[in-house]
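Asks: Structure file structure_31.txt (compact mmCIF, C-alpha atoms and all ligand atoms) is given on the next line.
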# COMPACT_ATOMS: atom_id res chain seq x y z
CA MET M 1 151.24 93.27 189.09
CA THR M 2 148.09 91.58 190.21
CA MET M 3 144.92 93.49 190.79
CA THR M 4 143.72 91.34 193.66
CA ALA M 5 143.44 93.65 196.61
CA GLU M 6 145.57 93.04 199.64
CA SER M 7 143.30 91.38 202.17
CA GLU M 8 142.30 93.84 204.81
CA MET M 9 142.05 92.46 208.30
CA LYS M 10 139.09 93.80 210.19
CA SER M 11 138.69 93.42 213.89
CA VAL M 12 135.42 92.39 215.48
CA ALA M 13 135.43 92.49 219.28
CA GLY M 14 139.19 92.42 219.22
CA ALA M 15 139.42 89.25 217.13
CA PRO M 16 141.03 89.63 213.72
CA VAL M 17 138.79 88.47 210.91
CA ALA M 18 140.09 87.87 207.42
CA ALA M 19 138.14 89.52 204.63
CA ALA M 20 135.95 87.10 202.63
CA PRO M 21 137.82 85.76 199.60
CA ALA M 22 136.93 87.55 196.39
CA ALA M 23 134.95 85.50 193.84
CA GLU M 24 137.09 84.04 191.07
CA PRO M 25 137.43 86.61 188.30
CA ILE M 26 135.98 85.73 184.91
CA LEU M 27 139.21 86.99 183.33
CA LYS M 28 142.67 86.97 184.82
CA VAL M 29 145.58 88.29 182.79
CA SER M 30 148.98 87.70 184.37
CA ASN M 31 152.18 89.38 183.36
CA ILE M 32 151.64 89.33 179.59
CA GLU M 33 154.17 90.66 177.12
CA SER M 34 153.21 91.07 173.45
CA TYR M 35 155.28 92.18 170.50
CA TYR M 36 154.85 93.44 166.96
CA GLY M 37 157.98 92.00 165.40
CA PRO M 38 160.82 93.32 167.56
CA ILE M 39 158.65 96.03 169.18
CA MET M 40 157.39 95.26 172.66
CA ALA M 41 153.91 96.79 172.83
CA ILE M 42 152.84 95.69 176.32
CA ARG M 43 155.16 94.73 179.11
CA GLY M 44 154.18 92.70 182.13
CA VAL M 45 150.50 93.62 182.11
CA SER M 46 148.28 91.99 184.72
CA LEU M 47 144.61 92.69 185.23
CA GLU M 48 141.39 91.06 186.35
CA VAL M 49 137.74 91.35 185.46
CA PRO M 50 135.47 90.28 188.33
CA ARG M 51 132.47 88.31 187.04
CA GLY M 52 129.53 90.58 186.26
CA SER M 53 131.52 93.79 186.31
CA ILE M 54 132.72 96.35 183.79
CA VAL M 55 136.46 97.06 183.91
CA THR M 56 138.06 99.80 181.88
CA VAL M 57 141.61 100.36 180.68
CA LEU M 58 142.43 104.01 180.11
CA GLY M 59 145.43 105.23 178.23
CA ALA M 60 146.66 107.64 175.60
CA ASN M 61 147.15 106.83 171.92
CA GLY M 62 149.63 104.02 171.50
CA ALA M 63 149.68 103.04 175.18
CA GLY M 64 148.89 99.44 174.25
CA LYS M 65 145.16 99.17 175.00
CA THR M 66 144.23 97.50 171.71
CA THR M 67 147.18 95.15 172.07
CA ILE M 68 145.86 93.95 175.45
CA LEU M 69 142.49 93.11 173.90
CA LYS M 70 144.06 91.41 170.89
CA THR M 71 146.20 89.31 173.20
CA ILE M 72 143.17 88.25 175.23
CA SER M 73 141.06 87.35 172.18
CA GLY M 74 143.86 85.33 170.58
CA VAL M 75 144.57 87.66 167.66
CA LEU M 76 148.09 88.07 169.08
CA ASP M 77 150.03 85.46 171.02
CA PRO M 78 151.85 86.83 174.05
CA LEU M 79 155.52 85.99 174.31
CA LYS M 80 155.14 85.68 178.08
CA GLY M 81 152.36 85.48 180.60
CA THR M 82 148.97 83.83 180.88
CA VAL M 83 145.36 84.69 180.08
CA GLU M 84 142.76 82.76 182.08
CA PHE M 85 139.10 82.85 181.10
CA GLU M 86 136.80 81.19 183.63
CA GLY M 87 139.79 79.43 185.12
CA LYS M 88 141.06 78.01 181.80
CA GLN M 89 144.30 79.17 180.20
CA ILE M 90 143.54 80.46 176.70
CA GLN M 91 146.71 82.33 175.72
CA ARG M 92 147.67 79.96 172.91
CA LEU M 93 144.20 79.23 171.54
CA ASP M 94 143.00 80.47 168.14
CA PRO M 95 140.54 83.38 168.17
CA ASP M 96 137.83 81.07 166.85
CA ARG M 97 138.20 78.72 169.84
CA ILE M 98 138.15 81.66 172.22
CA VAL M 99 134.91 83.01 170.74
CA ARG M 100 133.36 79.57 171.16
CA LEU M 101 134.28 79.62 174.84
CA GLY M 102 132.07 82.69 175.29
CA LEU M 103 134.53 85.55 175.00
CA GLY M 104 133.48 88.17 172.40
CA HIS M 105 135.60 90.97 170.95
CA VAL M 106 134.25 94.15 169.37
CA PRO M 107 137.36 95.52 167.67
CA GLU M 108 138.29 99.14 167.20
CA GLY M 109 136.88 100.74 164.07
CA ARG M 110 133.57 98.85 163.95
CA GLU M 111 134.60 96.08 161.63
CA VAL M 112 131.25 95.20 160.09
CA PHE M 113 130.96 93.37 156.77
CA PRO M 114 130.03 96.36 154.58
CA PHE M 115 128.56 94.42 151.64
CA LEU M 116 126.41 92.15 153.79
CA THR M 117 123.06 93.36 155.09
CA VAL M 118 122.48 94.23 158.71
CA ARG M 119 120.59 90.95 159.13
CA GLU M 120 123.43 88.95 157.57
CA ASN M 121 125.96 90.68 159.82
CA LEU M 122 123.90 89.75 162.86
CA MET M 123 123.62 86.16 161.68
CA MET M 124 127.42 86.04 161.25
CA GLY M 125 127.58 86.71 164.98
CA ALA M 126 125.52 83.58 165.59
CA TYR M 127 127.45 81.34 163.18
CA ILE M 128 128.44 78.83 165.84
CA ARG M 129 124.87 78.44 167.08
CA THR M 130 122.25 76.02 165.85
CA ASP M 131 119.33 76.86 168.18
CA ARG M 132 117.06 78.71 165.75
CA ALA M 133 114.47 79.63 168.36
CA GLY M 134 117.18 81.02 170.65
CA ILE M 135 118.68 83.01 167.77
CA ALA M 136 115.28 84.51 166.88
CA LYS M 137 114.77 85.46 170.53
CA ASP M 138 118.19 87.08 170.71
CA LEU M 139 117.52 89.07 167.53
CA GLU M 140 114.39 90.49 169.17
CA ARG M 141 116.36 91.28 172.31
CA ILE M 142 118.92 93.17 170.20
CA TYR M 143 116.22 95.11 168.33
CA GLY M 144 115.00 96.14 171.78
CA TYR M 145 118.41 97.65 172.54
CA PHE M 146 118.93 99.09 169.05
CA PRO M 147 115.58 99.70 167.33
CA ARG M 148 117.40 101.50 164.50
CA LEU M 149 119.00 98.25 163.39
CA LYS M 150 115.58 96.66 162.97
CA GLU M 151 114.57 99.47 160.64
CA ARG M 152 117.64 98.82 158.47
CA LEU M 153 117.78 95.03 158.47
CA ASP M 154 117.94 94.67 154.70
CA GLN M 155 120.38 97.49 154.02
CA PRO M 156 124.09 96.82 153.45
CA ALA M 157 125.99 97.51 156.66
CA GLY M 158 128.30 99.83 154.71
CA HIS M 159 125.38 102.23 154.26
CA LEU M 160 124.89 102.70 157.99
CA SER M 161 126.18 105.74 159.87
CA GLY M 162 129.23 105.33 162.10
CA GLY M 163 127.06 105.12 165.21
CA GLU M 164 124.79 102.51 163.66
CA GLN M 165 127.81 100.47 162.58
CA GLN M 166 129.06 100.56 166.17
CA MET M 167 125.64 99.35 167.32
CA LEU M 168 125.81 96.57 164.75
CA ALA M 169 129.33 95.55 165.78
CA ILE M 170 128.24 95.28 169.43
CA SER M 171 125.05 93.47 168.47
CA ARG M 172 126.91 90.98 166.29
CA ALA M 173 129.15 90.09 169.23
CA LEU M 174 126.10 89.76 171.51
CA MET M 175 124.51 87.26 169.09
CA ASN M 176 127.03 84.72 170.30
CA ARG M 177 125.84 85.21 173.89
CA PRO M 178 129.28 86.01 175.30
CA ARG M 179 129.83 85.93 179.04
CA LEU M 180 132.70 88.40 178.62
CA LEU M 181 132.82 91.14 176.01
CA LEU M 182 135.97 93.04 175.01
CA LEU M 183 135.07 96.50 173.73
CA ASP M 184 137.71 98.53 171.90
CA GLU M 185 136.99 102.27 171.86
CA PRO M 186 133.24 102.15 171.24
CA SER M 187 133.14 105.97 171.36
CA LEU M 188 135.67 106.47 168.57
CA GLY M 189 134.50 109.04 166.02
CA LEU M 190 130.95 109.29 167.36
CA SER M 191 128.98 112.39 168.34
CA PRO M 192 128.50 113.02 172.09
CA ILE M 193 124.82 112.06 171.85
CA LEU M 194 125.60 108.74 170.20
CA VAL M 195 128.40 108.05 172.68
CA LYS M 196 125.90 108.55 175.51
CA GLU M 197 123.40 106.26 173.83
CA ILE M 198 125.91 103.48 173.20
CA PHE M 199 127.33 103.62 176.70
CA GLY M 200 123.78 103.53 178.07
CA ILE M 201 123.24 100.26 176.19
CA ILE M 202 126.58 98.89 177.39
CA ARG M 203 125.45 99.52 180.98
CA ARG M 204 122.09 97.90 180.33
CA VAL M 205 123.58 94.77 178.76
CA ASN M 206 125.85 94.46 181.78
CA ALA M 207 123.11 95.07 184.34
CA GLU M 208 120.27 93.15 182.67
CA GLU M 209 122.21 90.20 181.26
CA GLY M 210 125.21 90.05 183.56
CA VAL M 211 127.69 90.18 180.68
CA SER M 212 131.12 91.06 182.07
CA MET M 213 133.05 93.64 180.07
CA LEU M 214 136.57 94.85 179.50
CA LEU M 215 136.33 98.30 177.98
CA VAL M 216 139.23 100.12 176.39
CA GLU M 217 138.65 103.83 175.97
CA GLN M 218 140.23 107.18 175.34
CA ASN M 219 137.01 108.88 176.48
CA ALA M 220 138.04 108.65 180.11
CA ARG M 221 135.04 110.53 181.45
CA MET M 222 132.55 108.16 179.87
CA ALA M 223 134.60 105.08 180.72
CA LEU M 224 134.92 106.06 184.39
CA GLU M 225 131.19 106.74 184.61
CA THR M 226 130.39 103.38 183.05
CA ALA M 227 132.88 100.94 184.53
CA HIS M 228 133.23 99.65 188.09
CA HIS M 229 137.01 99.27 188.13
CA GLY M 230 139.74 100.87 186.09
CA TYR M 231 143.37 100.53 185.11
CA VAL M 232 145.61 103.20 183.68
CA LEU M 233 148.05 102.07 181.03
CA GLU M 234 151.10 104.07 180.02
CA VAL M 235 153.61 102.97 177.42
CA GLY M 236 152.64 99.34 177.77
CA ARG M 237 152.55 99.23 181.57
CA ILE M 238 149.77 99.43 184.14
CA VAL M 239 150.54 102.41 186.35
CA MET M 240 147.39 102.69 188.39
CA ALA M 241 144.41 100.56 189.35
CA ASP M 242 141.39 101.27 191.51
CA THR M 243 137.62 101.54 191.61
CA CYS M 244 136.31 104.04 189.09
CA GLU M 245 134.85 106.04 191.93
CA ARG M 246 138.28 106.54 193.44
CA LEU M 247 139.95 107.06 190.06
CA ARG M 248 137.50 109.89 189.33
CA GLU M 249 138.61 111.56 192.55
CA SER M 250 142.31 111.16 191.81
CA LYS M 251 144.09 114.43 191.06
CA ASP M 252 146.31 112.71 188.51
CA ILE M 253 143.32 111.30 186.65
CA GLN M 254 141.48 114.61 186.83
CA GLU M 255 144.47 116.45 185.42
CA PHE M 256 145.67 114.04 182.78
CA TYR M 257 142.53 112.23 181.69
CA LEU M 258 139.56 114.40 182.62
CA GLY M 259 141.01 117.73 181.52
CA ALA M 260 140.97 119.45 184.93
CA ARG M 261 143.46 122.30 185.23
CA ASP M 262 146.28 123.09 187.56
CA HIS M 263 146.29 120.12 189.84
CA GLY M 264 149.87 119.59 190.80
CA GLU M 265 152.75 120.47 188.57
CA ARG M 266 152.66 119.34 184.98
CA GLY M 267 155.30 116.82 184.12
CA GLU M 268 155.69 115.73 187.72
CA ARG M 269 153.06 113.07 187.77
CA ARG M 270 153.84 110.36 190.23
CA TRP M 271 151.40 107.49 189.91
CA LYS M 272 150.42 105.88 193.12
CA ARG M 273 150.32 102.16 192.72
CA LYS M 274 147.04 101.58 194.48
CA LYS M 275 145.55 98.14 194.49
CA THR M 276 142.59 98.53 196.71
CA TRP M 277 139.57 96.98 195.03
CA ARG M 278 138.50 93.41 194.86
P1 LIG G 301 145.11 103.70 170.09
O1 LIG G 301 144.20 104.30 171.07
O2 LIG G 301 145.78 104.70 169.21
O3 LIG G 301 144.50 102.56 169.32
P2 LIG G 301 146.40 101.81 171.84
O4 LIG G 301 146.58 102.21 173.26
O5 LIG G 301 145.27 100.92 171.53
O6 LIG G 301 146.33 103.09 170.94
P3 LIG G 301 148.05 99.88 170.50
O7 LIG G 301 147.30 99.97 169.21
O8 LIG G 301 147.86 98.68 171.33
O9 LIG G 301 147.78 101.16 171.39
O10 LIG G 301 149.59 100.06 170.18
C1 LIG G 301 150.62 99.88 171.16
C2 LIG G 301 151.97 100.09 170.50
O11 LIG G 301 152.19 99.10 169.50
C3 LIG G 301 152.10 101.43 169.78
O12 LIG G 301 153.42 101.88 169.99
C4 LIG G 301 151.87 101.09 168.34
O13 LIG G 301 152.57 101.97 167.50
C5 LIG G 301 152.42 99.69 168.25
N1 LIG G 301 151.70 98.91 167.23
C6 LIG G 301 150.37 98.66 167.19
N2 LIG G 301 150.04 97.90 166.13
C7 LIG G 301 151.19 97.64 165.48
C8 LIG G 301 151.54 96.89 164.31
N3 LIG G 301 150.63 96.22 163.60
N4 LIG G 301 152.85 96.85 163.96
C9 LIG G 301 153.80 97.49 164.68
N5 LIG G 301 153.54 98.21 165.80
C10 LIG G 301 152.26 98.29 166.20
Would it be possible to restate this file's structure as C-alpha cells?
Ligand code: ATP
Replies:
Amino acid sequence: MTMTAESEMKSVAGAPVAAAPAAEPILKVSNIESYYGPIMAIRGVSLEVPRGSIVTVLGANGAGKTTILKTISGVLDPLKGTVEFEGKQIQRLDPDRIVRLGLGHVPEGREVFPFLTVRENLMMGAYIRTDRAGIAKDLERIYGYFPRLKERLDQPAGHLSGGEQQMLAISRALMNRPRLLLLDEPSLGLSPILVKEIFGIIRRVNAEEGVSMLLVEQNARMALETAHHGYVLEVGRIVMADTCERLRESKDIQEFYLGARDHGERGERRWKRKKTWR
C-alpha cells in the first residue's frame, strides 16, 4: 500500500487541472516484510515521510512499530521490499552506512552509554564528524534545547533520570545532524510533564531545523498532536493512513487509541483504508 494520495482533479472554469505533484518524500518504504527467525513481524508495510514533516506510526504492543524502524535503520534486513532514503535504496546497507547518510535512530529504551559521561555520550553522536567548530556549535544548540544536560555534562549517563536519558538519547542522535530522525517511543516510562516537554522539543527541532521525523508511539494522543501524518499498524499491517487532523476526528481512532467511549460497537471495528494526504 502506498501512501501517495490519489491525485484529485480540480476543475477551473470547466477545464480539468491535475493536482501539483507532491515533492519527493525523504523516506519511502515499499512493501517491506521483516522476520525474526521464522516469525513474520511486519507484512507488506509501505509508508512515506514527506520532507520536513513528522509522521507517526500508531499501534498496540507488538504491532511491529519497532520492527519498522529497525528495518529502516538497517538493524534488520527485510526479506522483501525496499527502503528509499532521499531517493537511494538503503535496505541492504549496514546501520553505520545509513547513519552516515543522515538518517538517525533513537531506539526504544533510551540506549545511552551508562558509564560514559553526558559529554562523552554526546561526542559519540558526532563520531563521524571532524568539524570541531561545527560540533561545538551543535553542542550549544543542544544545551539550548535541553539545559539540564549542560548542568550534568560530567556525570555518568547512568546517573541521569529516565527523562534526562531520553533527552540525551535524542541529543546524541542530533549531534550527527540527521535530516531524518527515527524516534521509538520517546514517551515510554516518562511522567506526563516530561512527555510534554520532550514532545515540545521534538516539534521545535522539526520546525526550527527542518529535521524530518518518523515517530513510533503508543501515546496516541501526544503523537497525533505532534505529527502531521499518521499510520495505524495492526499485527504487522498498515490499516489506516491519513493526516493527524483527520485521524483525531476518526471514531475508530477515538475509541481504540484515544480512549473515547461508546463509539460504535466494540469488536466491530472496520478500518477505512483512507489514503488522502500527500
Ligand atoms: P512494543 O510497543 O511493545 O515495542 P512494537 O509495535 O514495537 O511493540 P515489535 O517490537 O516491532 O512491536 O514486535 C513485532 C512482533 O515481533 C511482536 O510479535 C514481537 O513479539 C516480535 N518480536 C520482536 N522482537 C523479536 C525478537 N527479537 N525475536 C522474536 N520475535 C520478536
Asks: Just want the residues within 6 Å of ligand LIG 301 (chain G), written as a list of chain:residue names, counting all atoms listed in the file.
Replies: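 Taking all atoms listed in the file into account, the residues around ligand LIG 301 (chain G) at most 6 Å away are M:Tyr36, M:Ala41, M:Gly59, M:Ala60, M:Asn61, M:Gly62, M:Ala63, M:Gly64, M:Lys65, M:Thr66, M:Thr67.
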Asks: How far is it from atom CA of M:Met123 to atom CA of M:Ile198, in Å with one decimal?
Replies: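 Distance between the two atoms: 20.9 Å.
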Asks: Do you have the atom CA of M:Met222-atom CA of M:Arg177 distance handy?
Replies: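 Interatomic distance here is 24.6 Å.
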Asks: Check the smallest atom-to-atom distance from each of M:Gly74, M:Gly189, M:Gly236, M:Pro25 to M:Val55 using all atoms listed in the file, then report the winner.
Replies: M:Pro25
Asks: For each of M:Ser187, M:Glu140, M:Ile98, M:Glu151, take the minimum atom-to-atom distance to M:Gly163, counting only C-alpha atoms, then give the residue where this is smallest.
Replies: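 For M:Gly163, the nearest of the candidates is M:Ser187.
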Asks: Pick from M:Glu217, M:Glu24, M:Glu225, M:Asp242: nearest to M:Leu58, with only C-alpha atoms counted?
Replies: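 Using only C-alpha atoms, M:Leu58 sits closest to M:Glu217.
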Asks: One decimal, in Å: what's the spacing between atom CA of M:Lys70 and atom CA of M:Asp252?
Replies: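 Result for atom CA of M:Lys70 versus atom CA of M:Asp252: 27.7 Å, one decimal.
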